[in-house]
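Structure record follows, encoded as structure tokens.
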Amino acid sequence: MLDRQDRIEKTLNALLPAAELAPARLHAAMRYAVLGGGKRVRPLLAYGAGELSGADPQRVDRAAAAVEMIHAYSLVHDDLPCMDDDVLRRGKPTVHLEFDEATALLVGDSLHSLAFQVISEQSMADNAQHQVEMIEFLARACGSRGMAGGQAIDLEATGKTLAVTELEFMHVHKTGALIRASVALGARCGDAMSQAQFKELDRFGKFIGLAFQVVDDVLDAQSSTATLGKTAGKDAKNNKPTYVSALGLEGARKFAAELRDDALRALDALPQNGGQLRPLADFIVLRRF
Ligand code: GRG
């Protein structure tokens with residue numbers, strides 16, 4: 001994990017515009033938002049999946065960077081006063097506080113575009129159709145039937161009680177869609193997987209994406225701001241429906257463990273029995289931050 005975290009840091013550093021390049025303030029803010037923080041779970045998933053499909057690691061670098069740019073974009077916008085209105089992210093002041101609101105908005109817009117540029121401007125797959133699919137996966141994962149749609153549901157749900165099925169719908173879109181796309185994009189950089197195996201890998205992505213957000217709900221309820229590097233206890237304070245409010249802390253933890261088991265079962269049919277994706281599934285569910 002450390003090697004790959006280092007690798008994605010270097011890749012992002014190289015792909016982001018230099019801080020001195022005009023417009024320098026925007027570029028400095030983009031770099032502030034992306035570099036030097038975060039667990040890099042989505043890139044790690046892309047690398048794990050890419051390894052299983054025999055992908056050229058330099059292609060996976062780009063896929064991993066693209067999903068991390070979209071993720072960083074979503075965090076910057078999520079923290080804005082018109083959304084979650086937060087002051088701390090990855091242990092630092094949020095982008096709109098360190099810079100200003102208009103810059104934070106433009107950072108998100110620019111990272112979104114750069115992500116698509118990065119997976120379009122060079123060959124990413126042996127099969128051109130697979131590269132087009134990558135662009136489609138990422139677009140779907142960001143849009144109104146993906147992350148942005150999940151966020152819309154989240155904003156509407158504040159102060160309401162949601163049924164577990166509605167909660168699942170929200171989480172699968174808000175957080176799960178990009179995690180699922182991270183796995184799919186990594187895998188599409190190589191050609192060594194059959195369509196049936198790709199389907200199983202996609203099931204893995206779906207289960208582990210939901211597990212990730214269930215654990216995020218648990219950590220928000222039980223961890224500290226210092227450990228998380230972002231404001232803890234916000235869901236209860238803002239009266240947000242979560243798996244913890246629906247199932248209780250123990251119920252939510254148990255559900256996350258079940259989702260991990262489902263995810264691991266989906267890996268059984270894959271090359272190397274899922275390789276690095278197995279310990280990553282454990283990390284996602286057992287992490288403390
Ligand atoms: C970006 C298309 C798009 C729209 C903006 C703001 C928004 C709509 C969506 C927000 C989605 C969001 C913030 C979901 C929460 C996901 C989540 C659990 C974030 C924390 O992820 P970690 O723990 O963070 O991977 P690090 O800092 O480790 O990368």
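In the structure tokens, the first chain shown is A, the next is B, and so on; residue numbers restart at 1 for each chain, and ligands run from 1 in the order shown.
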Wanna dump the chain A-ligand 1 contacts at 7 Å for me, each residue with its shortest atom pair and the distance in Å to one decimal, counting only C-alpha atoms and all ligand atoms, ordered by chain and number, as JSON lines?
```
{"residue": "A:Gly37", "atom": "CA", "partner": "ligand 1", "partner_atom_place_in_ligand_line": "27 (O)", "distance": 6.4}
{"residue": "A:Gly38", "atom": "CA", "partner": "ligand 1", "partner_atom_place_in_ligand_line": "28 (O)", "distance": 3.5}
{"residue": "A:Lys39", "atom": "CA", "partner": "ligand 1", "partner_atom_place_in_ligand_line": "28 (O)", "distance": 3.9}
{"residue": "A:Arg40", "atom": "CA", "partner": "ligand 1", "partner_atom_place_in_ligand_line": "29 (O)", "distance": 5.5}
{"residue": "A:Val41", "atom": "CA", "partner": "ligand 1", "partner_atom_place_in_ligand_line": "25 (O)", "distance": 5.7}
{"residue": "A:Ile70", "atom": "CA", "partner": "ligand 1", "partner_atom_place_in_ligand_line": "1 (C)", "distance": 6.0}
{"residue": "A:His71", "atom": "CA", "partner": "ligand 1", "partner_atom_place_in_ligand_line": "1 (C)", "distance": 6.7}
{"residue": "A:Tyr73", "atom": "CA", "partner": "ligand 1", "partner_atom_place_in_ligand_line": "1 (C)", "distance": 5.3}
{"residue": "A:Ser74", "atom": "CA", "partner": "ligand 1", "partner_atom_place_in_ligand_line": "1 (C)", "distance": 3.6}
{"residue": "A:Leu75", "atom": "CA", "partner": "ligand 1", "partner_atom_place_in_ligand_line": "13 (C)", "distance": 4.7}
{"residue": "A:His77", "atom": "CA", "partner": "ligand 1", "partner_atom_place_in_ligand_line": "6 (C)", "distance": 4.5}
{"residue": "A:Asp78", "atom": "CA", "partner": "ligand 1", "partner_atom_place_in_ligand_line": "6 (C)", "distance": 3.6}
{"residue": "A:Arg89", "atom": "CA", "partner": "ligand 1", "partner_atom_place_in_ligand_line": "27 (O)", "distance": 7.0}
{"residue": "A:Arg90", "atom": "CA", "partner": "ligand 1", "partner_atom_place_in_ligand_line": "27 (O)", "distance": 5.3}
{"residue": "A:Cys142", "atom": "CA", "partner": "ligand 1", "partner_atom_place_in_ligand_line": "2 (C)", "distance": 4.1}
{"residue": "A:Gly143", "atom": "CA", "partner": "ligand 1", "partner_atom_place_in_ligand_line": "2 (C)", "distance": 5.5}
{"residue": "A:Met147", "atom": "CA", "partner": "ligand 1", "partner_atom_place_in_ligand_line": "2 (C)", "distance": 5.4}
{"residue": "A:Ala148", "atom": "CA", "partner": "ligand 1", "partner_atom_place_in_ligand_line": "4 (C)", "distance": 4.1}
{"residue": "A:Gln151", "atom": "CA", "partner": "ligand 1", "partner_atom_place_in_ligand_line": "9 (C)", "distance": 4.8}
{"residue": "A:Lys174", "atom": "CA", "partner": "ligand 1", "partner_atom_place_in_ligand_line": "11 (C)", "distance": 5.2}
{"residue": "A:Thr175", "atom": "CA", "partner": "ligand 1", "partner_atom_place_in_ligand_line": "16 (C)", "distance": 4.8}
{"residue": "A:Phe212", "atom": "CA", "partner": "ligand 1", "partner_atom_place_in_ligand_line": "18 (C)", "distance": 7.0}
{"residue": "A:Gln213", "atom": "CA", "partner": "ligand 1", "partner_atom_place_in_ligand_line": "18 (C)", "distance": 5.4}
{"residue": "A:Asp216", "atom": "CA", "partner": "ligand 1", "partner_atom_place_in_ligand_line": "18 (C)", "distance": 5.6}
```
Closest atom pairs, segment 116-226 of chain A residues within 10 Å of segment 271-288 of chain A, only C-alpha atoms, as JSON lines:
```
{"residue": "A:Val183", "atom": "CA", "partner": "A:Leu277", "partner_atom": "CA", "distance": 9.4}
{"residue": "A:Ala192", "atom": "CA", "partner": "A:Pro271", "partner_atom": "CA", "distance": 9.0}
{"residue": "A:Met193", "atom": "CA", "partner": "A:Pro271", "partner_atom": "CA", "distance": 8.0}
{"residue": "A:Gln197", "atom": "CA", "partner": "A:Pro271", "partner_atom": "CA", "distance": 8.4}
{"residue": "A:Leu201", "atom": "CA", "partner": "A:Gly274", "partner_atom": "CA", "distance": 8.5}
{"residue": "A:Phe204", "atom": "CA", "partner": "A:Leu277", "partner_atom": "CA", "distance": 9.1}
{"residue": "A:Gly205", "atom": "CA", "partner": "A:Ala281", "partner_atom": "CA", "distance": 9.8}
{"residue": "A:Phe207", "atom": "CA", "partner": "A:Ala281", "partner_atom": "CA", "distance": 9.7}
{"residue": "A:Ile208", "atom": "CA", "partner": "A:Ala281", "partner_atom": "CA", "distance": 6.7}
{"residue": "A:Gly209", "atom": "CA", "partner": "A:Ile284", "partner_atom": "CA", "distance": 9.2}
{"residue": "A:Ala211", "atom": "CA", "partner": "A:Val285", "partner_atom": "CA", "distance": 6.8}
{"residue": "A:Phe212", "atom": "CA", "partner": "A:Ile284", "partner_atom": "CA", "distance": 6.0}
{"residue": "A:Gln213", "atom": "CA", "partner": "A:Ile284", "partner_atom": "CA", "distance": 9.5}
{"residue": "A:Val214", "atom": "CA", "partner": "A:Val285", "partner_atom": "CA", "distance": 8.7}
{"residue": "A:Val215", "atom": "CA", "partner": "A:Val285", "partner_atom": "CA", "distance": 6.2}
{"residue": "A:Asp216", "atom": "CA", "partner": "A:Val285", "partner_atom": "CA", "distance": 9.2}
{"residue": "A:Val218", "atom": "CA", "partner": "A:Arg288", "partner_atom": "CA", "distance": 9.8}
{"residue": "A:Leu219", "atom": "CA", "partner": "A:Arg288", "partner_atom": "CA", "distance": 7.1}
{"residue": "A:Gln222", "atom": "CA", "partner": "A:Arg288", "partner_atom": "CA", "distance": 9.7}
{"residue": "A:Ser223", "atom": "CA", "partner": "A:Arg288", "partner_atom": "CA", "distance": 7.7}
{"residue": "A:Ser224", "atom": "CA", "partner": "A:Arg288", "partner_atom": "CA", "distance": 10.0}
```
Which residues come within 8 Å of segment 234-248 of chain A, counting only C-alpha atoms, excluding same-chain residues fewer than 4 positions away, as an MDAnalysis selection string? chainID A and resid 154 157:164 167 214 217:218 220:221 252
Selection from above, N, CA and C atoms, as a compact mmCIF listing (two decimals), in the first residue's frame, can you write it?
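Result saved to result.txt:
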```
# COMPACT_ATOMS: atom_id res chain seq x y z
N ASP A 154 -28.76 12.83 -0.34
CA ASP A 154 -28.21 13.11 0.99
C ASP A 154 -28.71 14.47 1.51
N ALA A 157 -32.29 14.36 2.41
CA ALA A 157 -32.63 13.44 3.51
C ALA A 157 -32.36 14.02 4.89
N THR A 158 -31.66 15.16 4.93
CA THR A 158 -31.32 15.74 6.24
C THR A 158 -32.58 15.94 7.08
N GLY A 159 -32.53 15.42 8.31
CA GLY A 159 -33.67 15.60 9.21
C GLY A 159 -34.77 14.56 9.02
N LYS A 160 -34.58 13.66 8.05
CA LYS A 160 -35.61 12.64 7.79
C LYS A 160 -35.13 11.27 8.24
N THR A 161 -36.06 10.36 8.41
CA THR A 161 -35.68 8.96 8.64
C THR A 161 -35.83 8.23 7.31
N LEU A 162 -34.80 7.49 6.91
CA LEU A 162 -34.90 6.73 5.66
C LEU A 162 -35.02 5.25 5.98
N ALA A 163 -35.78 4.53 5.16
CA ALA A 163 -35.80 3.06 5.25
C ALA A 163 -34.43 2.55 4.83
N VAL A 164 -34.08 1.35 5.28
CA VAL A 164 -32.74 0.83 4.95
C VAL A 164 -32.54 0.74 3.43
N LEU A 167 -31.66 4.19 2.27
CA LEU A 167 -30.31 4.49 2.72
C LEU A 167 -29.28 3.83 1.80
N VAL A 214 -20.68 2.50 4.75
CA VAL A 214 -21.22 2.03 6.05
C VAL A 214 -20.15 2.27 7.12
N ASP A 217 -19.90 5.86 8.06
CA ASP A 217 -20.96 6.22 9.02
C ASP A 217 -20.53 5.84 10.44
N VAL A 218 -19.96 4.64 10.58
CA VAL A 218 -19.53 4.16 11.91
C VAL A 218 -18.43 5.07 12.45
N ASP A 220 -17.72 8.16 11.67
CA ASP A 220 -18.23 9.49 12.02
C ASP A 220 -18.84 9.48 13.42
N ALA A 221 -19.46 8.36 13.78
CA ALA A 221 -20.13 8.28 15.08
C ALA A 221 -19.18 7.95 16.22
N ALA A 252 -24.48 -1.68 12.35
CA ALA A 252 -23.78 -1.14 11.17
C ALA A 252 -22.44 -1.85 10.97
```
Name the closest residue to Leu12 of chain A among the candidates A:Ala65, A:Leu264, A:Leu228, A:Ala46; distances are taken between atoms, counting only C-alpha atoms.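 Under the stated criterion, the closest residue is A:Ala65.
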Would you mind listing what lies within 10 Å of Pro43 of chain A as number ranges by chain, with only C-alpha atoms counted and same-chain residues fewer than 6 positions away left out? A: 4-5, 7-8, 49, 60-69, 179, 182-183, 185-186
Between A:Ala55, A:Val107, A:Leu249, A:Ile135, which has the minimum distance to Ile119 of chain A (counting only C-alpha atoms)?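 The shortest atom-to-atom distance to Ile119 of chain A comes from A:Ile135.
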Please identify which residues in segment 40-232 of chain A DSSP calls strand (DSSP E or B) from the backbone, and express them as a list of chain:residue names. A:Leu88, A:Arg89, A:Lys92, A:Pro93
Take atom CA of Ala266 of chain A and atom CA of Gly190 of chain A and report the distance between them in Å, one decimal.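 Separation of atom CA of Ala266 of chain A and atom CA of Gly190 of chain A: 19.3 Å.
Proximity to Glu133 of chain A was assessed for A:Ala181, A:Thr94, A:Val172, A:Leu88 counting only C-alpha atoms; the smallest distance is recorded for A:Ala181.
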Mind giving me the straight-line distance from atom CA of Ser120 of chain A to atom CA of Ala141 of chain A in Å, one decimal?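 Pair atom CA of Ser120 of chain A / atom CA of Ala141 of chain A returns 16.5 Å.
Shortest separation to Phe289 of chain A among A:Val87, A:Ala184, A:Ala263, A:Ala226 occurs at residue A:Ala226, atoms counted being only C-alpha atoms.
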